[in-house]
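Data file: upload.cif. Format and content: mmCIF, C-alpha atoms.
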data_upload
loop_
_atom_site.label_atom_id
_atom_site.label_comp_id
_atom_site.auth_asym_id
_atom_site.auth_seq_id
_atom_site.Cartn_x
_atom_site.Cartn_y
_atom_site.Cartn_z
CA MET A 821 -33.03 15.31 -7.20
CA ASN A 822 -29.66 16.81 -8.17
CA ARG A 823 -27.18 15.01 -5.89
CA GLU A 824 -23.63 16.32 -5.45
CA LEU A 825 -20.52 14.54 -4.25
CA HIS A 826 -18.39 16.51 -1.80
CA ILE A 827 -14.80 15.64 -2.60
CA VAL A 828 -11.54 16.86 -1.10
CA GLY A 829 -9.19 17.49 -4.01
CA PHE A 830 -5.45 16.87 -3.82
CA ARG A 831 -2.55 16.60 -6.23
CA VAL A 832 -0.02 13.86 -6.72
CA GLY A 833 2.38 14.69 -9.52
CA ARG A 834 0.44 16.22 -12.41
CA GLU A 835 -2.84 14.51 -11.54
CA THR A 836 -5.71 15.71 -9.38
CA TYR A 837 -7.29 13.09 -7.16
CA GLY A 838 -10.32 13.23 -4.97
CA ALA A 839 -11.67 11.40 -1.95
CA PRO A 840 -15.03 11.70 -0.22
CA ILE A 841 -14.89 14.41 2.41
CA THR A 842 -16.47 11.93 4.84
CA SER A 843 -13.35 9.73 4.78
CA LEU A 844 -11.11 12.63 5.84
CA HIS A 845 -10.30 13.38 9.47
CA GLU A 846 -8.12 16.45 8.79
CA ILE A 847 -5.32 17.88 6.65
CA VAL A 848 -2.02 18.86 8.31
CA ARG A 849 1.38 20.17 7.29
CA VAL A 850 4.13 17.56 7.18
CA PRO A 851 5.87 17.51 10.58
CA GLU A 852 8.98 15.54 11.50
CA ILE A 853 8.35 11.88 10.73
CA THR A 854 9.88 9.06 12.77
CA ALA A 855 11.08 6.25 10.50
CA VAL A 856 9.97 2.67 11.18
CA PRO A 857 12.44 -0.17 10.51
CA ASP A 858 11.64 -2.81 7.87
CA ALA A 859 8.78 -0.74 6.43
CA PRO A 860 7.89 -0.84 2.71
CA PRO A 861 9.41 1.97 0.61
CA TYR A 862 6.17 4.00 0.56
CA MET A 863 5.82 3.89 4.37
CA GLU A 864 7.47 7.04 5.70
CA GLY A 865 6.98 6.26 9.39
CA VAL A 866 4.85 7.68 12.20
CA ILE A 867 3.97 11.09 13.58
CA ASN A 868 2.58 12.26 16.90
CA LEU A 869 -0.63 14.17 16.16
CA ARG A 870 -1.86 15.75 19.39
CA GLY A 871 -0.96 12.68 21.43
CA LYS A 872 -2.09 10.09 18.87
CA ILE A 873 0.36 8.01 16.86
CA VAL A 874 -0.43 8.18 13.13
CA SER A 875 1.24 5.95 10.54
CA VAL A 876 2.22 7.92 7.43
CA GLN A 877 2.53 6.64 3.87
CA ASP A 878 3.75 8.64 0.92
CA LEU A 879 0.87 8.41 -1.55
CA ARG A 880 3.19 9.72 -4.27
CA LYS A 881 5.45 6.67 -3.90
CA ARG A 882 2.42 4.42 -3.46
CA LEU A 883 1.06 5.58 -6.83
CA GLY A 884 4.40 5.03 -8.58
CA GLU A 885 5.95 8.52 -8.57
CA THR A 886 9.73 8.18 -8.77
CA ASN A 887 10.74 11.84 -8.49
CA VAL A 888 9.44 12.63 -5.00
CA VAL A 889 10.80 15.94 -3.73
CA PRO A 890 9.54 17.30 -0.41
CA ASN A 891 8.40 20.91 -0.38
CA ARG A 892 6.44 23.26 1.86
CA ARG A 893 3.17 22.69 -0.05
CA ASN A 894 3.12 18.96 0.85
CA ARG A 895 0.30 17.96 3.16
CA ILE A 896 -0.79 14.87 5.06
CA LEU A 897 -4.38 13.72 4.62
CA VAL A 898 -5.29 12.15 7.95
CA LEU A 899 -7.92 9.43 7.63
CA GLU A 900 -9.59 7.13 10.10
CA HIS A 901 -9.29 3.52 8.98
CA GLU A 902 -10.41 0.53 11.06
CA GLY A 903 -10.47 2.64 14.21
CA ARG A 904 -6.95 4.01 13.72
CA LEU A 905 -5.63 7.19 12.17
CA SER A 906 -3.49 6.89 9.03
CA GLY A 907 -1.84 9.64 7.02
CA LEU A 908 -1.10 9.98 3.32
CA ILE A 909 1.47 12.51 2.07
CA VAL A 910 0.34 14.34 -1.08
CA ASP A 911 1.92 17.14 -3.12
CA SER A 912 -0.81 19.60 -2.16
CA ALA A 913 -4.40 19.63 -0.99
CA SER A 914 -6.94 21.94 -2.53
CA GLU A 915 -10.47 22.98 -1.78
CA VAL A 916 -13.56 20.87 -1.33
CA LEU A 917 -15.01 20.17 -4.77
CA LYS A 918 -18.72 19.73 -5.36
CA ILE A 919 -19.24 17.41 -8.31
CA PRO A 920 -22.76 16.60 -9.53
CA ALA A 921 -23.34 12.82 -9.48
CA ALA A 922 -24.24 13.05 -13.18
CA ASP A 923 -20.64 14.21 -13.89
CA VAL A 924 -19.06 11.07 -12.42
CA GLU A 925 -18.17 8.18 -14.72
CA PRO A 926 -17.50 4.69 -13.34
CA SER A 927 -13.92 3.46 -13.16
CA PRO A 928 -12.70 2.04 -16.49
CA THR A 929 -12.48 -1.76 -16.46
CA GLU A 930 -8.78 -1.52 -17.39
CA PHE A 931 -8.14 0.06 -13.97
CA LEU A 932 -9.89 -2.81 -12.19
CA GLU A 933 -8.12 -5.48 -14.24
CA GLY A 934 -4.76 -3.77 -13.66
CA GLY A 935 -5.11 -4.00 -9.88
CA LEU A 936 -6.22 -0.40 -9.25
CA LYS A 937 -9.34 -1.32 -7.31
CA CYS A 938 -9.01 1.87 -5.26
CA VAL A 939 -10.15 4.02 -8.22
CA THR A 940 -13.93 4.36 -7.90
CA GLY A 941 -14.55 6.67 -10.84
CA LEU A 942 -13.64 9.80 -12.75
CA GLY A 943 -15.30 13.10 -11.96
CA LYS A 944 -15.55 16.01 -14.37
CA HIS A 945 -14.98 19.38 -12.71
CA LYS A 946 -14.41 22.68 -14.55
CA GLY A 947 -13.00 21.02 -17.66
CA ARG A 948 -10.61 18.64 -15.90
CA LEU A 949 -10.80 15.04 -14.73
CA ILE A 950 -10.58 14.18 -11.04
CA ILE A 951 -9.56 10.59 -10.26
CA LEU A 952 -11.81 9.49 -7.40
CA LEU A 953 -10.22 7.18 -4.84
CA ASP A 954 -11.70 4.94 -2.18
CA MET A 955 -9.34 5.58 0.73
CA THR A 956 -10.43 2.45 2.62
CA ARG A 957 -9.49 0.23 -0.32
CA LEU A 958 -6.24 2.15 -0.83
CA LEU A 959 -5.24 1.63 2.79
CA ASP A 960 -6.33 -2.03 2.67
CA LEU A 961 -4.20 -2.61 -0.42
CA SER A 962 -1.16 -1.06 1.23
CA ALA A 963 -1.67 -3.27 4.28
CA GLN A 964 -1.54 -6.30 1.98
CA GLY A 965 1.85 -5.36 0.62
CA GLY A 966 0.95 -2.87 -2.06
CA ASN A 967 -0.99 -4.75 -4.66
CA THR A 968 -3.80 -7.20 -4.95
CA ALA A 969 -1.70 -9.90 -6.60
CA SER A 970 0.76 -10.12 -3.70
CA GLY A 971 -2.13 -10.00 -1.23
CA GLU A 972 -3.80 -12.90 -3.01
CA ALA A 973 -0.51 -14.81 -3.11
CA LYS A 974 -0.09 -14.31 0.64
CA ALA A 975 -3.65 -15.46 1.27
CA ASP A 976 -3.13 -18.51 -0.97
CA GLY A 977 0.13 -19.27 0.87
CA LYS A 978 -1.60 -19.08 4.26
CA ALA A 979 -4.42 -21.35 3.05
CA GLU A 980 -1.87 -23.81 1.67
CA TYR A 981 0.04 -23.77 4.99
CA ARG A 982 -3.18 -24.37 6.97
CA ALA A 983 -4.13 -27.25 4.65
CA LYS A 984 -0.69 -28.87 5.04
CA THR A 985 -0.75 -28.40 8.81
CA THR A 986 -4.24 -29.87 9.10
CA ALA A 987 -3.26 -32.86 6.93
CA THR A 988 -0.10 -33.46 9.01
CA GLU A 989 -2.07 -33.23 12.26
CA ALA A 990 -4.69 -35.65 10.90
CA ARG A 991 -1.95 -38.16 9.95
CA GLY A 992 -0.37 -37.77 13.41
CA THR A 993 -3.71 -38.37 15.14
CA ALA A 994 -4.44 -41.43 12.96
CA ALA A 995 -0.94 -42.86 13.60
CA SER A 996 -1.26 -42.51 17.38
CA LYS A 997 -4.51 -44.54 17.48
#

Represent the structure from my file as structure tokens, please.
Amino acid sequence: MNRELHIVGFRVGRETYGAPITSLHEIVRVPEITAVPDAPPYMEGVINLRGKIVSVQDLRKRLGETNVVPNRRNRILVLEHEGRLSGLIVDSASEVLKIPAADVEPSPTEFLEGGLKCVTGLGKHKGRLIILLDMTRLLDLSAQGGNTASGEAKADGKAEYRAKTTATEARGTAASK
């Protein structure tokens, strides 16, 4: 059986990325975005999309682009994540690409070790490489503060706080007896 992956292709900087078409809700032009106070630098704000509030991140900033210039070709990829709609601004969105499963290589281990756990593989399409992203992981990483290391540090900090609190409560209970 010759299985194909259906990928929506989009550009960020010079690179072409792809995400499974099943993770995409829709693609829209960039409307006016309402800024949100105290948001990380890659969080642009929120938009009203037909009565639904959608948080919008700039994927260009999220992936480390420093020269981000808005233009009329920019698009927002609207995704459903954990029951909510989220948007990612990209430089442009292209057609749906059909990539045979045989033309997809697994993600290099250097990507995984470097904290890029959202890269699921590299697809070969018409002589170029398409970096395949797992949008769920990408959105999870951004919710943790942008990278796995800070997310792990926050988790470790919370565990340490709980352990200290539990120990203090145990001492207080023992002292009152």

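What the PyMOL selection byres ((chain A and resi 848) around 7) picks from this file is Glu846, Ile847, Arg849, Val850, Arg895, Ile896 and Leu897 of chain A.
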
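The two atoms in question, atom CA of A:Leu883 and atom CA of A:His826, are spaced 22.9 Å apart.
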
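Distances here use all atoms listed in the file; by that measure, the residue among A:Ile950, A:Cys938, A:Leu905, A:Ala855 closest to A:Asp923 is A:Ile950.
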
request  = Could you tell me which residues the PyMOL selection byres ((chain A and resi 865-872) around 10) returns for this structure, as a PyMOL selection string?
outcome  = chain A and resi 848+850-857+859-860+862-864+873-878+898+904-907

ask   = Hey, what's within 9 Å of A:Val888 if we count all atoms listed in the file and toss same-chain stuff fewer than 3 positions away? As a list in words, please?
value = Gly833, Arg880, Lys881, Glu885 and Asp911 of chain A

Write the residues of the preceding selection, restricted to C-alpha atoms, as a PDB file, keeping the file's coordinate frame.
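Generated file (result.pdb):
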ATOM      1  CA  GLY A 833       2.380  14.690  -9.520  1.00  0.00           C
ATOM      2  CA  ARG A 880       3.190   9.720  -4.270  1.00  0.00           C
ATOM      3  CA  LYS A 881       5.450   6.670  -3.900  1.00  0.00           C
ATOM      4  CA  GLU A 885       5.950   8.520  -8.570  1.00  0.00           C
ATOM      5  CA  ASP A 911       1.920  17.140  -3.120  1.00  0.00           C
TER       6      ASP A 911
END

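If all atoms listed in the file are the atoms counted, then among A:Ile841, A:Leu899, A:Ile919, A:Val832 the closest residue to A:Thr956 is A:Leu899.
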
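Excluding stretch 914-916 of chain A and any residue on its chain fewer than 3 positions from it, the residues at most 6 Å away by only C-alpha atoms are Ile827, Val828, Gly829 and Phe830 of chain A.
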
task = May I have the residues within 12 Å of A:Lys946 as a ChimeraX atom specification, using all atoms listed in the file and disregarding those fewer than 2 positions away in the same chain?
result = /A:917-920,923,943-944,948-950
